[in-house]
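Data file: final_17.tsv. Format and content: TSV, C-alpha atoms.
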chain	number	residue	atom	x	y	z
A	1	MET	CA	-13.07	-9.96	12.55
A	2	ALA	CA	-11.68	-11.45	15.75
A	3	GLN	CA	-12.54	-14.99	16.79
A	4	ALA	CA	-15.51	-15.17	19.16
A	5	PRO	CA	-14.54	-15.92	22.78
A	6	SER	CA	-15.51	-19.08	24.61
A	7	ALA	CA	-17.50	-19.11	27.85
A	8	SER	CA	-14.34	-19.85	29.85
A	9	GLN	CA	-12.78	-16.65	28.47
A	10	VAL	CA	-15.58	-14.39	29.70
A	11	LEU	CA	-17.18	-16.05	32.74
A	12	GLY	CA	-15.36	-15.29	35.97
A	13	ARG	CA	-13.54	-12.47	34.17
A	14	VAL	CA	-13.98	-8.81	33.26
A	15	THR	CA	-14.01	-7.82	29.59
A	16	LEU	CA	-12.86	-4.23	29.17
A	17	VAL	CA	-14.03	-2.76	25.85
A	18	THR	CA	-12.27	0.48	24.88
A	19	GLY	CA	-12.27	2.75	21.84
A	20	LYS	CA	-14.41	5.03	19.70
A	21	GLU	CA	-15.58	2.57	17.03
A	22	GLU	CA	-19.12	1.91	18.19
A	23	PHE	CA	-19.74	-0.90	15.70
A	24	LEU	CA	-16.67	-2.85	16.86
A	25	ASN	CA	-17.53	-2.25	20.50
A	26	GLU	CA	-21.05	-3.57	20.02
A	27	ARG	CA	-19.70	-6.59	18.18
A	28	THR	CA	-17.51	-7.42	21.18
A	29	VAL	CA	-20.46	-7.11	23.56
A	30	SER	CA	-22.54	-9.37	21.31
A	31	SER	CA	-19.78	-11.98	21.19
A	32	VAL	CA	-19.58	-12.06	25.02
A	33	ARG	CA	-23.35	-12.46	25.26
A	34	GLN	CA	-23.31	-15.24	22.68
A	35	ALA	CA	-20.59	-17.09	24.58
A	36	VAL	CA	-22.62	-16.90	27.80
A	37	ARG	CA	-25.84	-17.93	26.06
A	38	ALA	CA	-24.11	-20.93	24.44
A	39	HIS	CA	-22.92	-21.98	27.89
A	40	ASP	CA	-26.28	-21.43	29.61
A	41	ALA	CA	-29.39	-20.72	27.55
A	42	ASP	CA	-31.18	-19.67	30.74
A	43	GLY	CA	-28.51	-17.19	31.81
A	44	GLU	CA	-29.59	-13.70	32.84
A	45	PHE	CA	-28.55	-10.61	30.89
A	46	SER	CA	-28.56	-6.99	32.03
A	47	GLU	CA	-26.94	-3.65	31.27
A	48	ALA	CA	-26.74	-0.16	32.71
A	49	LEU	CA	-25.15	3.23	32.18
A	50	ALA	CA	-22.20	3.79	34.49
A	51	SER	CA	-23.51	7.25	35.41
A	52	GLU	CA	-26.70	5.69	36.84
A	53	LEU	CA	-25.01	3.05	38.98
A	54	THR	CA	-25.02	3.04	42.76
A	55	ALA	CA	-23.08	0.82	45.12
A	56	SER	CA	-26.09	-1.47	45.56
A	57	SER	CA	-27.01	-1.67	41.86
A	58	LEU	CA	-23.40	-2.40	40.94
A	59	GLU	CA	-23.29	-5.21	43.48
A	60	GLU	CA	-26.57	-6.59	42.19
A	61	MET	CA	-25.37	-6.54	38.57
A	62	SER	CA	-22.12	-8.31	39.32
A	63	ALA	CA	-23.52	-11.11	41.47
A	64	PRO	CA	-25.24	-14.37	40.43
A	65	SER	CA	-28.97	-14.04	39.85
A	66	LEU	CA	-31.59	-15.54	42.14
A	67	PHE	CA	-33.05	-17.23	39.08
A	68	SER	CA	-29.88	-18.35	37.30
A	69	SER	CA	-26.34	-19.14	38.33
A	70	THR	CA	-25.02	-17.51	35.12
A	71	ARG	CA	-25.15	-13.81	34.38
A	72	CYS	CA	-23.81	-11.39	31.80
A	73	ALA	CA	-23.78	-7.72	32.84
A	74	VAL	CA	-22.76	-4.78	30.64
A	75	VAL	CA	-21.80	-1.37	32.01
A	76	ARG	CA	-21.74	1.33	29.31
A	77	SER	CA	-19.83	4.65	29.34
A	78	LEU	CA	-17.43	3.64	32.08
A	79	GLU	CA	-15.85	7.09	31.79
A	80	ASP	CA	-18.97	8.47	33.52
A	81	LEU	CA	-18.78	6.15	36.52
A	82	PRO	CA	-19.07	8.13	39.80
A	83	GLU	CA	-15.62	8.41	41.36
A	84	GLU	CA	-16.81	6.92	44.65
A	85	LEU	CA	-17.50	3.64	42.81
A	86	HIS	CA	-14.04	3.28	41.25
A	87	ASP	CA	-12.68	1.26	44.17
A	88	ARG	CA	-15.72	-1.00	44.20
A	89	VAL	CA	-15.25	-1.81	40.50
A	90	LEU	CA	-11.56	-2.49	41.08
A	91	ASP	CA	-12.27	-4.72	44.08
A	92	TYR	CA	-14.72	-6.77	42.03
A	93	ALA	CA	-12.31	-6.97	39.05
A	94	LYS	CA	-9.59	-8.38	41.31
A	95	ALA	CA	-11.79	-11.38	42.19
A	96	PRO	CA	-14.67	-11.75	39.69
A	97	VAL	CA	-17.57	-14.08	40.46
A	98	GLU	CA	-17.09	-17.41	38.71
A	99	ASP	CA	-20.41	-17.51	36.82
A	100	VAL	CA	-20.61	-13.82	35.93
A	101	ALA	CA	-19.33	-12.17	32.75
A	102	LEU	CA	-18.91	-8.46	33.41
A	103	VAL	CA	-18.34	-6.15	30.43
A	104	LEU	CA	-17.08	-2.62	31.05
A	105	MET	CA	-17.30	-0.25	28.07
A	106	HIS	CA	-15.17	2.90	27.84
A	107	GLY	CA	-15.72	5.20	24.85
A	108	GLY	CA	-12.19	6.55	24.63
A	109	GLY	CA	-10.72	9.87	25.70
A	110	SER	CA	-8.93	10.87	28.87
A	111	LYS	CA	-11.93	10.87	31.21
A	112	GLY	CA	-11.72	7.92	33.56
A	113	SER	CA	-8.23	7.01	32.34
A	114	GLY	CA	-6.99	6.47	35.90
A	115	LEU	CA	-9.50	3.68	36.42
A	116	LEU	CA	-8.58	2.17	33.05
A	117	THR	CA	-4.90	2.12	33.95
A	118	LYS	CA	-5.60	0.19	37.15
A	119	LEU	CA	-7.98	-2.25	35.45
A	120	ARG	CA	-5.44	-3.03	32.72
A	121	LYS	CA	-2.94	-4.21	35.34
A	122	LEU	CA	-5.25	-6.95	36.61
A	123	ALA	CA	-4.79	-10.50	35.36
A	124	SER	CA	-8.54	-11.10	35.48
A	125	VAL	CA	-9.25	-8.29	32.99
A	126	THR	CA	-9.22	-8.83	29.22
A	127	GLU	CA	-9.09	-5.63	27.18
A	128	VAL	CA	-10.54	-5.50	23.66
A	129	LYS	CA	-9.51	-2.31	21.88
A	130	ALA	CA	-11.53	-0.84	19.02
A	131	ALA	CA	-9.09	1.61	17.46
A	132	GLU	CA	-10.71	4.32	15.38
A	133	VAL	CA	-10.51	3.65	11.63
A	134	LYS	CA	-9.49	6.92	9.97
A	135	TYR	CA	-8.06	6.32	6.50
A	136	ALA	CA	-9.32	4.65	3.33
A	137	SER	CA	-6.62	1.98	3.67
A	138	GLY	CA	-7.91	1.18	7.16
A	139	PHE	CA	-11.44	0.63	5.87
A	140	GLN	CA	-10.07	-1.56	3.09
A	141	GLU	CA	-8.17	-3.68	5.62
A	142	PHE	CA	-11.33	-3.97	7.70
A	143	ALA	CA	-13.24	-5.18	4.63
A	144	LYS	CA	-10.54	-7.75	3.84
A	145	GLY	CA	-10.76	-9.04	7.40
A	146	GLU	CA	-14.52	-9.44	7.09
A	147	PHE	CA	-14.16	-11.48	3.92
A	148	ALA	CA	-11.45	-13.62	5.53
A	149	HIS	CA	-13.77	-14.30	8.47
A	150	TRP	CA	-16.36	-15.73	6.08
A	151	GLY	CA	-13.74	-17.88	4.33
A	152	ALA	CA	-13.33	-15.72	1.23
A	153	ARG	CA	-10.78	-13.35	-0.28
A	154	ILE	CA	-11.31	-10.00	-1.97
A	155	ALA	CA	-8.97	-8.57	-4.60
A	156	PRO	CA	-7.24	-5.31	-3.49
A	157	GLU	CA	-8.85	-3.24	-6.25
A	158	ALA	CA	-12.24	-4.73	-5.35
A	159	ALA	CA	-11.78	-3.77	-1.70
A	160	GLU	CA	-10.97	-0.18	-2.66
A	161	PHE	CA	-14.01	0.04	-4.92
A	162	LEU	CA	-16.22	-1.45	-2.21
A	163	VAL	CA	-15.16	1.26	0.26
A	164	VAL	CA	-15.81	3.95	-2.36
A	165	ALA	CA	-19.21	2.48	-3.25
A	166	VAL	CA	-20.50	1.61	0.22
A	167	GLY	CA	-18.78	4.41	2.11
A	168	GLN	CA	-16.63	4.51	5.23
A	169	ASP	CA	-19.17	2.82	7.45
A	170	LEU	CA	-18.05	-0.35	9.22
A	171	ARG	CA	-21.56	-1.70	9.65
A	172	ALA	CA	-22.33	-1.28	5.94
A	173	LEU	CA	-18.99	-2.81	4.92
A	174	ALA	CA	-19.55	-5.81	7.19
A	175	ALA	CA	-23.02	-6.31	5.72
A	176	ALA	CA	-21.66	-6.06	2.16
A	177	ALA	CA	-18.95	-8.63	2.91
A	178	HIS	CA	-21.51	-11.01	4.38
A	179	GLN	CA	-23.78	-10.60	1.36
A	180	LEU	CA	-21.03	-11.20	-1.20
A	181	THR	CA	-19.54	-14.20	0.61
A	182	SER	CA	-23.01	-15.72	0.97
A	183	ASP	CA	-23.55	-15.45	-2.77
A	184	PHE	CA	-20.00	-16.52	-3.71
A	185	PRO	CA	-18.90	-18.94	-0.93
A	186	GLY	CA	-15.20	-19.72	-0.89
A	187	GLU	CA	-14.49	-17.67	-4.03
A	188	GLN	CA	-12.24	-14.68	-4.53
A	189	ILE	CA	-14.38	-11.56	-4.80
A	190	THR	CA	-13.28	-9.63	-7.89
A	191	LEU	CA	-13.72	-6.03	-8.95
A	192	ASP	CA	-16.34	-7.10	-11.52
A	193	VAL	CA	-18.40	-8.82	-8.83
A	194	VAL	CA	-18.31	-5.77	-6.54
A	195	LYS	CA	-19.23	-3.47	-9.43
A	196	ARG	CA	-22.14	-5.72	-10.34
A	197	TYR	CA	-23.52	-5.49	-6.81
A	198	PHE	CA	-22.56	-1.97	-5.76
A	199	GLY	CA	-21.61	-0.11	-8.95
A	200	GLY	CA	-24.87	1.80	-8.87
A	201	ARG	CA	-23.84	3.79	-5.79
A	202	ALA	CA	-23.21	7.47	-6.45
A	203	GLU	CA	-19.59	7.47	-5.24
A	204	ALA	CA	-18.79	4.41	-7.34
A	205	LYS	CA	-20.21	6.02	-10.47
A	206	SER	CA	-18.02	9.07	-9.91
A	207	PHE	CA	-15.01	6.78	-9.46
A	208	ALA	CA	-15.73	5.19	-12.86
A	209	VAL	CA	-15.94	8.59	-14.60
A	210	ALA	CA	-12.60	9.68	-13.13
A	211	ASP	CA	-10.81	6.48	-14.11
A	212	ALA	CA	-12.08	6.61	-17.68
A	213	VAL	CA	-11.26	10.27	-18.33
A	214	MET	CA	-7.74	10.06	-16.88
A	215	ALA	CA	-7.04	6.95	-18.96
A	216	GLY	CA	-8.06	8.86	-22.10
A	217	HIS	CA	-11.21	6.83	-22.76
A	218	THR	CA	-13.36	9.81	-23.69
A	219	ALA	CA	-16.40	7.98	-25.04
A	220	GLN	CA	-16.48	5.68	-22.01
A	221	ALA	CA	-16.08	8.63	-19.64
A	222	LEU	CA	-19.03	10.45	-21.24
A	223	GLU	CA	-21.14	7.28	-21.07
A	224	GLU	CA	-20.25	6.77	-17.40
A	225	LEU	CA	-21.01	10.42	-16.72
A	226	ARG	CA	-24.47	10.26	-18.30
A	227	TRP	CA	-25.23	7.06	-16.40
A	228	ALA	CA	-24.09	8.68	-13.15
A	229	LEU	CA	-26.16	11.85	-13.68
A	230	ASP	CA	-29.23	9.89	-14.79
A	231	GLY	CA	-28.92	7.89	-11.59
A	232	GLY	CA	-28.98	11.02	-9.45
A	233	THR	CA	-25.26	11.31	-8.67
A	234	ALA	CA	-24.42	14.79	-7.36
A	235	GLY	CA	-22.10	16.81	-9.56
A	236	VAL	CA	-19.75	17.59	-6.65
A	237	LEU	CA	-19.05	13.87	-6.27
A	238	VAL	CA	-17.91	13.71	-9.89
A	239	THR	CA	-15.61	16.74	-9.62
A	240	SER	CA	-14.22	15.40	-6.34
A	241	ALA	CA	-13.42	12.00	-7.88
A	242	VAL	CA	-11.80	13.55	-10.96
A	243	ALA	CA	-9.77	15.91	-8.76
A	244	GLY	CA	-8.49	12.96	-6.76
A	245	SER	CA	-7.35	11.13	-9.89
A	246	VAL	CA	-5.68	14.25	-11.32
A	247	ARG	CA	-3.82	14.81	-8.04
A	248	SER	CA	-2.60	11.19	-8.02
A	249	VAL	CA	-1.12	11.58	-11.50
A	250	ALA	CA	0.37	14.95	-10.51
A	251	LYS	CA	2.08	13.32	-7.51
A	252	PHE	CA	3.39	10.56	-9.79
A	253	LEU	CA	4.87	13.05	-12.26
A	254	GLY	CA	6.58	14.90	-9.42
A	255	SER	CA	7.84	11.81	-7.63
A	256	THR	CA	11.55	11.07	-7.46
A	257	THR	CA	10.81	7.33	-7.12
A	258	ARG	CA	8.53	6.87	-10.15
A	259	GLY	CA	11.18	4.81	-11.95
A	260	GLY	CA	11.77	2.60	-8.92
A	261	ARG	CA	9.94	-0.22	-7.20
A	262	ASP	CA	6.15	-0.12	-6.95
A	263	ALA	CA	6.33	-0.47	-3.17
A	264	ASP	CA	8.51	2.63	-2.84
A	265	LEU	CA	6.34	4.60	-5.22
A	266	ALA	CA	3.15	3.54	-3.45
A	267	ARG	CA	4.59	4.85	-0.19
A	268	ASP	CA	5.55	8.12	-1.88
A	269	LEU	CA	2.10	8.57	-3.45
A	270	GLY	CA	0.14	7.38	-0.43
A	271	VAL	CA	-1.71	4.68	-2.36
A	272	PRO	CA	-1.83	0.86	-2.09
A	273	PRO	CA	0.86	-0.91	-4.21
A	274	TRP	CA	-1.64	-2.45	-6.65
A	275	LYS	CA	-2.89	1.03	-7.66
A	276	VAL	CA	0.55	2.12	-8.89
A	277	LYS	CA	0.08	0.18	-12.13
A	278	SER	CA	-3.12	2.09	-12.89
A	279	ILE	CA	-1.52	5.46	-12.12
A	280	ARG	CA	1.52	4.62	-14.26
A	281	SER	CA	-0.79	3.80	-17.15
A	282	GLN	CA	-2.83	6.99	-16.75
A	283	ALA	CA	0.28	9.16	-16.46
A	284	ARG	CA	1.65	8.11	-19.88
A	285	GLY	CA	-0.49	10.74	-21.61
A	286	TRP	CA	0.43	13.57	-19.27
A	287	ASP	CA	3.22	15.99	-18.52
A	288	GLU	CA	3.47	18.53	-15.71
A	289	GLU	CA	2.10	21.40	-17.85
A	290	GLY	CA	-0.93	19.39	-18.93
A	291	ILE	CA	-1.72	18.11	-15.44
A	292	ALA	CA	-1.51	21.67	-14.06
A	293	GLU	CA	-4.10	22.77	-16.65
A	294	ALA	CA	-6.26	19.78	-15.72
A	295	LEU	CA	-6.17	20.80	-12.05
A	296	ARG	CA	-7.31	24.31	-12.99
A	297	ALA	CA	-10.10	22.86	-15.14
A	298	VAL	CA	-11.35	20.74	-12.24
A	299	ALA	CA	-11.26	23.73	-9.88
A	300	ARG	CA	-13.33	25.82	-12.35
A	301	ALA	CA	-15.87	23.03	-12.82
A	302	ASP	CA	-16.15	22.49	-9.07
A	303	ALA	CA	-16.80	26.19	-8.49
A	304	ASP	CA	-19.42	26.22	-11.25
A	305	ILE	CA	-21.16	23.15	-9.85
A	306	LYS	CA	-21.29	24.71	-6.39
A	307	GLY	CA	-23.07	27.85	-7.46
A	308	ALA	CA	-22.17	29.55	-10.68
A	309	ALA	CA	-23.38	27.05	-13.28
A	310	HIS	CA	-26.93	26.96	-14.62
A	311	ASP	CA	-26.45	23.55	-16.25
A	312	ALA	CA	-24.43	21.05	-14.19
A	313	ASN	CA	-24.62	18.40	-16.92
A	314	TYR	CA	-23.02	20.75	-19.45
A	315	THR	CA	-20.33	21.77	-16.94
A	316	LEU	CA	-19.35	18.15	-16.30
A	317	GLU	CA	-19.39	17.16	-19.97
A	318	ARG	CA	-17.18	20.16	-20.71
A	319	LEU	CA	-14.81	19.02	-17.92
A	320	VAL	CA	-14.53	15.51	-19.39
A	321	LEU	CA	-13.89	16.85	-22.90
A	322	THR	CA	-11.40	19.44	-21.62
A	323	ILE	CA	-9.33	16.90	-19.72
A	324	ALA	CA	-9.50	14.45	-22.62
A	325	GLY	CA	-8.22	17.19	-24.93
A	326	LEU	CA	-5.40	18.06	-22.60
A	327	ARG	CA	-4.32	14.45	-22.40
A	328	ARG	CA	-4.24	14.05	-26.15
A	329	SER	CA	-2.37	17.29	-26.71
A	330	HIS	CA	0.36	16.39	-24.23
A	331	ARG	CA	1.19	12.88	-25.32
File written out as structure tokens:
Amino acid sequence: MAQAPSASQVLGRVTLVTGKEEFLNERTVSSVRQAVRAHDADGEFSEALASELTASSLEEMSAPSLFSSTRCAVVRSLEDLPEELHDRVLDYAKAPVEDVALVLMHGGGSKGSGLLTKLRKLASVTEVKAAEVKYASGFQEFAKGEFAHWGARIAPEAAEFLVVAVGQDLRALAAAAHQLTSDFPGEQITLDVVKRYFGGRAEAKSFAVADAVMAGHTAQALEELRWALDGGTAGVLVTSAVAGSVRSVAKFLGSTTRGGRDADLARDLGVPPWKVKSIRSQARGWDEEGIAEALRAVARADADIKGAAHDANYTLERLVLTIAGLRRSHR
């Protein structure tokens, strides 16, 4: 989480917010408003859609109010600004009003890119980019940043589990980080802590089943499976989690760097470095023939769960026992 701006960084300037991550964009807008409010509790706040602006309404928004010398104005969806107003926006941005904080929000894409290019060249414009978060590692890094903002640290394996449990939703991850750091101020957040708070989520339960079965802990895997199903976890989430773990071990067995450094292997497998230790441990009971059979078993179970099976519980228990048997027979 970026440090909140001061009033001097937003008043008399234009804040250009760009990108597709709505949560991050809204956070930037909130931080600008907070900076203005801290400077002048009686400041005036307004916002409008760019598509609805006219020359007069734009001028009114970007000028000091009759009732307050301080104003914060937000223009959303800048990409939809009528072309005849582009020059007016640029003229204002070249010489912003001293007591006005103008925020221009662009949702990404090529529409309106010409205006963006010109705005970015102005010294009075500060751009805040909200790059789209696409991969699990990106969501984990976001979570780590949230914990750091609140003065705490989260263990790498705990961050991965949190993303699995909460989902790839920035708002939910931010809320989870705030909750955990409020309950454990200044402490490192461990995997056990995250499991205690969020282990009941469906995705997290599936994650636990997959880890146990691939490690050869059959009794634990069956217990985790029953707990997951009793809690309403969908069968497809379990087969998906097991498939992911099987594929990771398959990649490890086929890797040319598996005897090398963890950092090199992590890059080869597409996983964070800390996870290599877990995959190494799981792979000890497998060979390429066994893992190929495991992949076929997962595919059959997934197909059954999605339509052919009359008893999903039986199908999943059979999957756990099948994979456990394959692991034992290929040690």
* Which polymer residues have any atom within 8 Å of an atom of Leu102 in chain A, counting only C-alpha atoms, with same-chain residues fewer than 3 positions away left out, as an MDAnalysis selection string? -> chainID A and resid 10:11 13:15 62 72:75
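Picture a line from CA of Val36 in chain A to CA of Ser69 in chain A; it runs 11.4 Å.
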* **Non-local contacts of Ala299 in chain A (12 Å; only C-alpha atoms; under 4 positions in same chain excluded) as a PyMOL selection string** => chain A and resi 236+239-240+242-244+246-247+292-295+303-306+315-316+319
Sorted by chain and rising residue number, which residues of range 167-227 of chain A lie within 9 Å of range 127-149 of chain A, and what are their closest atom pairs and distances in Å to one decimal, counting all atoms listed in the file, as a Markdown table?
| residue | atom | partner | partner_atom | distance |
| --- | --- | --- | --- | --- |
| A:Gln168 | CA | A:Phe139 | CA | 6.5 |
| A:Asp169 | CA | A:Phe139 | CA | 8.2 |
| A:Leu170 | CA | A:Phe139 | CA | 7.5 |
| A:Leu173 | CA | A:Ala143 | CA | 6.2 |
| A:Ala174 | CA | A:Glu146 | CA | 6.2 |
| A:Ala176 | CA | A:Ala143 | CA | 8.8 |
| A:Ala177 | CA | A:Phe147 | CA | 5.7 |
| A:His178 | CA | A:Phe147 | CA | 7.4 |
| A:Leu180 | CA | A:Phe147 | CA | 8.6 |
| A:Thr181 | CA | A:Phe147 | CA | 6.9 |
| A:Ile189 | CA | A:Phe147 | CA | 8.7 |
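Residue nearest Leu53 in chain A, chosen from A:Arg27, A:Lys118, A:Val32, A:Asp80 and counting only C-alpha atoms: A:Asp80.
Take CA of Asp91 in chain A and CA of Ala35 in chain A: the distance between them is 24.5 Å.
For the residues A:Arg261, A:His86, A:His39, A:Lys275, ranking by smallest atom-to-atom distance to Ser113 in chain A using all atoms listed in the file places A:His86 first.
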* **Selection near Glu289 in chain A, 12 Å with all atoms listed in the file, sequence-local residues under 2 positions removed, as a PyMOL selection string** => chain A and resi 250+253-254+285-287+291-296+326-327+329-331
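Considering the residues A:Leu24, A:Pro156, A:Glu84, A:Val100 and counting all atoms listed in the file, Ser46 in chain A has its shortest atom-to-atom contact with A:Val100.
Going from CA of Phe252 in chain A to CA of Glu224 in chain A covers 25.1 Å.
Distances here use only C-alpha atoms; by that measure, the residue among A:Ala63, A:Val103, A:Leu191, A:Val29 closest to Ala50 in chain A is A:Val103.
The shell of residues at most 9 Å from Leu78 in chain A, with only C-alpha atoms counted and near chain neighbours (fewer than 2 positions) removed, consists of Leu49, Ala50, Ser51, Val75, Arg76, Asp80, Leu81, Leu104, Met105, His106, Gly107 and Gly112 of chain A.
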* Name all residues at most 8 Å from Leu222 in chain A (count only C-alpha atoms; drop same-chain ones fewer than 6 positions away) and give them as a count of residues only. => 3
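Among the candidate residues A:Arg226, A:Phe161, A:Ser245, A:Gly235, the one lying nearest to Ala204 in chain A is A:Phe161, with distances computed using only C-alpha atoms.
Nearest residue to Ser182 in chain A, choosing from A:Thr322, A:Val166, A:Lys205, A:Gly151 and counting all atoms listed in the file: A:Gly151.
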